[in-house]
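Undergrad: For reference, the structure I am asking about is given below.
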Amino acid sequence: MTKYFHPGEKDFQRIISDNLVRKAKLIYGTDLTFAPVSIDSIGDFRKQIVLYKNTIIEAYNGKFILEGDSRLLQAAVDAGLGGKNSCGFGCIRPISR
């Protein structure tokens with residue numbers, strides 16, 4: 001089973017932010033530096049169990065506020081958050097506050 005970090009876990013924000021910085025460096029250039037992104041949940045999030053290619057994946061769905069460098073935020077929209085983005089995980093939809 002593949003298990004994603006729970007949004008309430010201590011390392012969730014760091015892991016998501018580090019992953020996003022790596023993606024942004026691939027998009028914008030490796031010589032750039034970015035401050036970490038701030039990620040806060042809005043309300044409740046929902047655990048979802050998905051079967052993908054005979055692998056059980058435990059993931060989460062919810063609303064979050066992301067704040068940080070505009071290039072990082074655009075990378076999140078373009079490439080997704082976290083892992084398995086090519087499988088449809090980590091997709092985000094920007095909404096206004």
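Following the order of the structure tokens, chains are lettered A, B, ..., residues in each are numbered from 1, and ligands are numbered from 1.
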Could you give me, as a ChimeraX atom specification, the residues within 8 Å of region 49-62 of chain A, counting only C-alpha atoms and dropping anything in the same chain fewer than 2 positions from it?

TA: /A:1-7,41-47,64

Undergrad: How would the residues just chosen look if you wrote them out with C-alpha atoms as an mmCIF file, in the first residue's frame?

TA:
data_model
loop_
_atom_site.group_PDB
_atom_site.id
_atom_site.type_symbol
_atom_site.label_atom_id
_atom_site.label_comp_id
_atom_site.auth_asym_id
_atom_site.auth_seq_id
_atom_site.Cartn_x
_atom_site.Cartn_y
_atom_site.Cartn_z
ATOM 1 C CA MET A 1 0.000 0.000 0.000
ATOM 2 C CA THR A 2 1.191 3.491 -0.832
ATOM 3 C CA LYS A 3 0.421 5.962 1.936
ATOM 4 C CA TYR A 4 0.604 9.720 1.577
ATOM 5 C CA PHE A 5 1.402 11.925 4.537
ATOM 6 C CA HIS A 6 -1.669 12.970 6.489
ATOM 7 C CA PRO A 7 -2.174 16.758 6.220
ATOM 8 C CA SER A 41 -5.762 23.411 5.545
ATOM 9 C CA ILE A 42 -9.163 25.072 5.379
ATOM 10 C CA GLY A 43 -11.709 22.977 7.215
ATOM 11 C CA ASP A 44 -11.746 19.212 7.036
ATOM 12 C CA PHE A 45 -9.934 16.985 4.592
ATOM 13 C CA ARG A 46 -11.102 13.573 3.503
ATOM 14 C CA LYS A 47 -9.116 10.344 3.274
ATOM 15 C CA PHE A 64 -5.650 24.301 1.445
#

Undergrad: Can you work out the spacing between CA of Val37 (chain A) and CA of Asn85 (chain A) in Å, to one decimal?

TA: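 Distance reported for this atom pair: 18.3 Å.
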
Undergrad: Measuring atom to atom with only C-alpha atoms, identify which of A:Gly29, A:Gly68, A:Pro36, A:Gly90 is nearest to Gln13 (chain A).

TA: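 Residue with the minimum atom-to-atom distance to Gln13 (chain A): A:Pro36.
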
Undergrad: Just the helix (DSSP H, G or I) stuff from chain A, please, per backbone DSSP, written as a VMD selection string.

TA: chain A and resid 12 to 28 70 to 79 85 to 87

Undergrad: Please report the interatomic distance between CA of Asp78 (chain A) and CA of Gln48 (chain A) in Å with one decimal.

TA: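 Taking CA of Asp78 (chain A) as the start and CA of Gln48 (chain A) as the end point, the length is 22.8 Å.
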
Undergrad: Skipping near chain neighbours, those fewer than 3 positions away, what residues fall within 10 Å of Ala76 (chain A) using only C-alpha atoms, listed as a list of chain:residue names?

TA: A:Ile16, A:Ser17, A:Asn19, A:Leu20, A:Val21, A:Lys23, A:Ala24, A:Leu66, A:Ser70, A:Arg71, A:Leu72, A:Leu73, A:Ala79, A:Gly80, A:Leu81, A:Gly82, A:Gly90, A:Cys91, A:Ile92, A:Arg93, A:Pro94

Undergrad: Go ahead and save the residues from that selection, with N, CA and C atoms, as an mmCIF file, in the first residue's frame.

TA:
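New file selection_28.cif:
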data_model
loop_
_atom_site.group_PDB
_atom_site.id
_atom_site.type_symbol
_atom_site.label_atom_id
_atom_site.label_comp_id
_atom_site.auth_asym_id
_atom_site.auth_seq_id
_atom_site.Cartn_x
_atom_site.Cartn_y
_atom_site.Cartn_z
ATOM 1 N N ILE A 16 5.824 18.474 1.288
ATOM 2 C CA ILE A 16 5.137 19.052 0.129
ATOM 3 C C ILE A 16 5.930 20.238 -0.418
ATOM 4 N N SER A 17 6.423 21.097 0.471
ATOM 5 C CA SER A 17 7.182 22.274 0.051
ATOM 6 C C SER A 17 8.488 21.872 -0.631
ATOM 7 N N ASN A 19 9.187 19.078 -2.180
ATOM 8 C CA ASN A 19 8.854 18.483 -3.464
ATOM 9 C C ASN A 19 8.523 19.561 -4.495
ATOM 10 N N LEU A 20 7.803 20.579 -4.073
ATOM 11 C CA LEU A 20 7.430 21.668 -4.971
ATOM 12 C C LEU A 20 8.649 22.483 -5.392
ATOM 13 N N VAL A 21 9.578 22.703 -4.480
ATOM 14 C CA VAL A 21 10.815 23.418 -4.820
ATOM 15 C C VAL A 21 11.599 22.623 -5.866
ATOM 16 N N LYS A 23 10.408 20.594 -8.129
ATOM 17 C CA LYS A 23 9.697 20.739 -9.406
ATOM 18 C C LYS A 23 9.945 22.113 -10.020
ATOM 19 N N ALA A 24 9.910 23.152 -9.199
ATOM 20 C CA ALA A 24 10.129 24.513 -9.703
ATOM 21 C C ALA A 24 11.539 24.664 -10.254
ATOM 22 N N LEU A 66 -2.210 27.960 0.018
ATOM 23 C CA LEU A 66 -0.782 27.939 -0.276
ATOM 24 C C LEU A 66 -0.316 29.372 -0.420
ATOM 25 N N SER A 70 5.461 33.303 -6.233
ATOM 26 C CA SER A 70 4.465 33.087 -7.293
ATOM 27 C C SER A 70 4.902 31.999 -8.269
ATOM 28 N N ARG A 71 6.221 31.839 -8.468
ATOM 29 C CA ARG A 71 6.705 30.780 -9.364
ATOM 30 C C ARG A 71 6.436 29.397 -8.767
ATOM 31 N N LEU A 72 6.563 29.275 -7.447
ATOM 32 C CA LEU A 72 6.255 28.001 -6.794
ATOM 33 C C LEU A 72 4.764 27.693 -6.882
ATOM 34 N N LEU A 73 3.952 28.710 -6.674
ATOM 35 C CA LEU A 73 2.508 28.505 -6.755
ATOM 36 C C LEU A 73 2.094 28.113 -8.173
ATOM 37 N N ALA A 79 2.266 21.446 -12.250
ATOM 38 C CA ALA A 79 2.827 20.105 -12.051
ATOM 39 C C ALA A 79 2.145 19.305 -10.945
ATOM 40 N N GLY A 80 1.381 19.963 -10.081
ATOM 41 C CA GLY A 80 0.720 19.265 -8.984
ATOM 42 C C GLY A 80 1.557 19.262 -7.720
ATOM 43 N N LEU A 81 0.933 18.859 -6.627
ATOM 44 C CA LEU A 81 1.601 18.775 -5.329
ATOM 45 C C LEU A 81 1.901 17.320 -5.004
ATOM 46 N N GLY A 82 3.016 17.083 -4.336
ATOM 47 C CA GLY A 82 3.347 15.735 -3.889
ATOM 48 C C GLY A 82 3.749 14.822 -5.028
ATOM 49 N N GLY A 90 -2.451 14.835 -6.610
ATOM 50 C CA GLY A 90 -1.835 16.132 -6.353
ATOM 51 C C GLY A 90 -2.341 17.263 -7.222
ATOM 52 N N CYS A 91 -3.391 17.007 -8.012
ATOM 53 C CA CYS A 91 -3.948 18.076 -8.847
ATOM 54 C C CYS A 91 -4.582 19.135 -7.952
ATOM 55 N N ILE A 92 -4.377 20.377 -8.315
ATOM 56 C CA ILE A 92 -4.993 21.455 -7.548
ATOM 57 C C ILE A 92 -5.793 22.353 -8.477
ATOM 58 N N ARG A 93 -6.771 22.992 -7.896
ATOM 59 C CA ARG A 93 -7.599 23.955 -8.621
ATOM 60 C C ARG A 93 -7.594 25.238 -7.805
ATOM 61 N N PRO A 94 -7.006 26.300 -8.355
ATOM 62 C CA PRO A 94 -6.995 27.569 -7.613
ATOM 63 C C PRO A 94 -8.413 28.113 -7.438
#

Undergrad: For a test of reading the model, state the distance in Å between CA of Glu9 (chain A) and CA of Thr30 (chain A), rounded to one decimal.

TA: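 These two atoms are separated by 28.8 Å.
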
Undergrad: Could you give me the residues within region 36-85 of chain A that DSSP places in strand (DSSP E or B), as a list in words?

TA: Ser38, Ile39, Asp40, Ser41, Ile42, Gly43, Asp44, Phe45, Arg46, Lys47, Gln48, Ile49, Val50, Leu51, Tyr52, Thr55, Ile56, Ile57, Glu58, Ala59, Tyr60, Asn61, Gly62, Lys63, Phe64, Ile65, Leu66 and Glu67 of chain A

Undergrad: Using only C-alpha atoms, can you tell me which of A:Arg14, A:Gly8, A:Ile27, A:Gly88 comes closest to Gln74 (chain A)?

TA: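 Looking at the shortest contact to Gln74 (chain A), the residue is A:Ile27.
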
Undergrad: Smallest atom-to-atom distance to Phe34 (chain A): which of A:Ile95, A:Lys84, A:Lys10, A:Arg22, using only C-alpha atoms?

TA: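 Among the listed residues, A:Arg22 lies closest to Phe34 (chain A).
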